[in-house]
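Heads up, the thing below is written out as structure tokens.
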Amino acid sequence: MKKHLILRVVSKLLIPLIILYGLYVQFHGDFGAGGGFQAGVIIAVSVILYALIFGMDAAQEAVPPWLIKIGTASGVIVFAGVGFITMLMGGNFLDYDVLHPDLAHRAGQHMGILWVEIGVLLTVTSVMIAVFYAFAGRVPDMSDEEW
Amino acid sequence: MEQDLTQYLDYVLIAMMFAVGIAVVRMRNLFAAVMLTGVYSLLSAAWFVSLDAVDVAFTEAAVGAGIGTVLMLAAMLLTAREAKETSPGRHWAALGVVVVAGGALLFAVPDMPVYGDAHSPANSGVGLDYLNETPNDIAVPNVVTAVLASYRGYDTMGETTVVFAAAVAVMLMLGMGRRRRRTGGNGAGKAKVEDQT
């Protein structure tokens with residue numbers, strides 16, 4: 001897609017906003033609609049949009065596959081790790097209340113949810129990009145005639 | 001009793017989803033069919049918003065209309081652009097399955113609570129407990145997040161693991177970054193594609 005100037009300029013403007021919106025959905029999930037799953041998908045969409053407009057090679061240079069492989073596993077490790085940390089601190093598995101002594105404001109719950117959602121974000125973002133790379137990496141870029 | 005006007009919006013959206021569903025089935029061009037499934041997801045997301053299920057609508061719009069469509073397009077590139085004609089016998093078999101499944105669903109409809117019923121199981125049992133206790137237990141305004149991440153933390157961890165397992169399966173079957181290794185011999189990669197066609 002060398003020629004599509006409008007598409008390239010518009011997507012360059014949109015991709016940072018998409019990532020910003022994904023982060024908003026991630027960290028505002030306690031208060032409004034959203035959370036790790038949705039935010040992960042939105043952030044993955046920004047990478048996929050980049051790959052569609054600028055080609056797979058450029059996308060894999062920006063977000064290399066080895067990083068994606070680490071991301072898929074580390075999200076699950078973060079999630080389960082929160083569970084083991086709560087166990088080490090004397091609570092049950094994923095019992096966030098022990099994370100912070102401020103029980104009146106449920107600060108432990110907020111911390112636990114924040115970290116767990118970060119784990120979900122990592123895995124979902126990486127998995128979506130990984131599946132896209134796996135499919136789209138097997139074929140040459142779609143030529144203009146096929147649209 | 002005041003008439004609830006939003007129900008007509010629901011009817012219109014369901015009718016549009018029905019029309020899109022018929023169009024997807026009748027479509028031979030796979031590119032158009034994939035795009036229409038995206039339209040279907042977007043319509044159902046709009047319907048979920050109308051039903052006040054914003055979290056579900058959000059997920060449907062992002063996953064169904066966004067990622068799902070792109071992944072289906074990427075999968076379509078690996079196959080043909082047009083669907084093959086199927087024999088009429090298979091149409092009848094599929095119709096039979098759909099009629100039986102649809103009939104079973106319609107048979108179950110009278111047992112469902114009325115839409116918006118305050119005494120339905122979902123609104124009176126454990127769901128009410130979550131709504132009442134979340135401000136004390138978790139103290140986050142969005143009850144969906146509280147249930148998802150805290151009350152049902154195990155479930156969400158399982159879901160994350162399932163998503164992870166899906167990616168591992170795709171990577172094992174299709175491989176990843178194979179294109180990178182081929183960039184040195186770009187011509188070789190092209191030749192391979194041509195061989196297949």
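Going through the structure tokens in order, the chains are called A, B, and so on, while each chain numbers its residues from 1 and the ligands are numbered from 1 in the order shown.
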**Message:** Please identify the helix (DSSP H, G or I) residues within chain B (assignment by DSSP from backbone atoms) and present them as JSON, numbers by chain.
**Reply:** {"B": [6, 7, 8, 9, 10, 11, 12, 13, 14, 15, 16, 17, 18, 19, 20, 21, 22, 23, 24, 25, 26, 30, 31, 32, 33, 34, 35, 36, 37, 38, 39, 40, 41, 42, 43, 44, 45, 46, 47, 48, 49, 50, 54, 55, 56, 57, 58, 59, 60, 61, 62, 63, 64, 65, 66, 67, 68, 69, 70, 71, 72, 73, 74, 75, 76, 77, 88, 89, 90, 91, 92, 93, 94, 95, 96, 97, 98, 99, 100, 101, 102, 103, 104, 105, 106, 107, 108, 109, 110, 111, 121, 122, 123, 124, 126, 127, 128, 129, 130, 131, 132, 133, 134, 135, 136, 137, 143, 144, 145, 146, 147, 148, 149, 150, 151, 153, 154, 155, 156, 157, 158, 159, 160, 161, 162, 163, 164, 165, 166, 167, 168, 169, 170, 171, 172, 173, 174, 178, 179, 180, 181, 182, 183, 184, 185, 186, 187, 188, 189, 190, 191, 192, 193, 194, 195, 196]}
**Message:** What are the residues of chain B lining chain A at 8 Å or less? Count only C-alpha atoms, and put the answer as a ChimeraX atom specification.
**Reply:** /B:54-55,58-59,62-63,66-67,71,74-75,77-78,137-142,145-146,149-150,153-154,157,160-161,163-164,166-167,170-171,174-180,190,193
With C-alpha atoms retained, export the selected residues as a compact mmCIF listing (two decimals), in the first residue's frame.
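And here is the file that came out, out.txt:
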```
# COMPACT_ATOMS: atom_id res chain seq x y z
CA VAL B 54 -22.64 -1.85 27.96
CA ASP B 55 -19.77 -4.11 28.99
CA PHE B 58 -18.13 -3.03 24.27
CA THR B 59 -16.63 -6.49 24.00
CA ALA B 62 -14.14 -4.64 19.88
CA VAL B 63 -13.85 -8.41 19.43
CA GLY B 66 -12.99 -5.35 15.14
CA ILE B 67 -10.58 -8.24 15.67
CA LEU B 71 -8.79 -12.30 11.56
CA ALA B 74 -6.56 -12.83 7.17
CA ALA B 75 -7.88 -16.40 7.19
CA LEU B 77 -6.48 -14.74 2.28
CA LEU B 78 -5.21 -18.28 2.95
CA ASP B 137 -16.64 -5.72 49.73
CA ILE B 138 -14.78 -4.26 46.77
CA ALA B 139 -15.68 -0.55 46.72
CA VAL B 140 -15.44 -0.13 42.95
CA PRO B 141 -18.35 1.54 41.11
CA ASN B 142 -18.47 -0.96 38.22
CA THR B 145 -15.41 -5.41 37.05
CA ALA B 146 -15.84 -6.39 40.71
CA ALA B 149 -11.76 -9.54 38.66
CA SER B 150 -12.43 -10.16 42.34
CA GLY B 153 -11.07 -14.12 39.97
CA TYR B 154 -10.57 -17.84 39.38
CA MET B 157 -7.69 -16.46 35.44
CA THR B 160 -6.84 -15.73 30.49
CA THR B 161 -5.24 -19.17 30.44
CA VAL B 163 -6.78 -17.28 25.60
CA PHE B 164 -3.10 -18.06 26.17
CA ALA B 166 -5.43 -20.61 22.02
CA ALA B 167 -2.41 -18.52 21.02
CA VAL B 170 -2.20 -21.21 16.71
CA MET B 171 1.55 -20.64 17.01
CA LEU B 174 0.78 -21.96 11.85
CA GLY B 175 4.13 -20.86 13.21
CA MET B 176 5.07 -17.26 13.84
CA GLY B 177 7.52 -14.90 12.24
CA ARG B 178 8.21 -17.35 9.43
CA ARG B 179 8.07 -14.45 7.04
CA ARG B 180 10.98 -12.80 8.79
CA LYS B 190 6.96 -15.92 -3.61
CA VAL B 193 2.98 -19.20 -3.05
```
Return as a Markdown table the residues of region 36-151 of chain B lying at most 9 Å from region 7-30 of chain B, together with the closest atom-to-atom pair for each and the distance in Å to one decimal, counting only C-alpha atoms, with rows in chain order and ascending residue number.
```
| residue | atom | partner | partner_atom | distance |
| --- | --- | --- | --- | --- |
| B:Leu36 | CA | B:Val24 | CA | 6.3 |
| B:Thr37 | CA | B:Val24 | CA | 7.1 |
| B:Val39 | CA | B:Val20 | CA | 7.6 |
| B:Tyr40 | CA | B:Met17 | CA | 5.8 |
| B:Ser41 | CA | B:Met17 | CA | 8.7 |
| B:Leu43 | CA | B:Met17 | CA | 6.4 |
| B:Ser44 | CA | B:Met17 | CA | 7.2 |
| B:Ala46 | CA | B:Leu13 | CA | 7.7 |
| B:Trp47 | CA | B:Asp10 | CA | 6.2 |
| B:Ser50 | CA | B:Asp10 | CA | 7.0 |
| B:Leu51 | CA | B:Asp10 | CA | 8.2 |
| B:Leu73 | CA | B:Leu30 | CA | 8.8 |
| B:Met76 | CA | B:Leu30 | CA | 7.3 |
| B:Ala80 | CA | B:Leu30 | CA | 8.0 |
| B:Arg81 | CA | B:Leu30 | CA | 5.5 |
| B:Glu82 | CA | B:Asn29 | CA | 4.7 |
| B:Ala83 | CA | B:Arg28 | CA | 5.1 |
| B:Lys84 | CA | B:Arg28 | CA | 7.6 |
| B:Glu85 | CA | B:Arg28 | CA | 8.2 |
```
**Atomic distance CA of Thr86 (chain A) - CA of Leu128 (chain B), expressed in Å with one decimal** = 27.8 Å
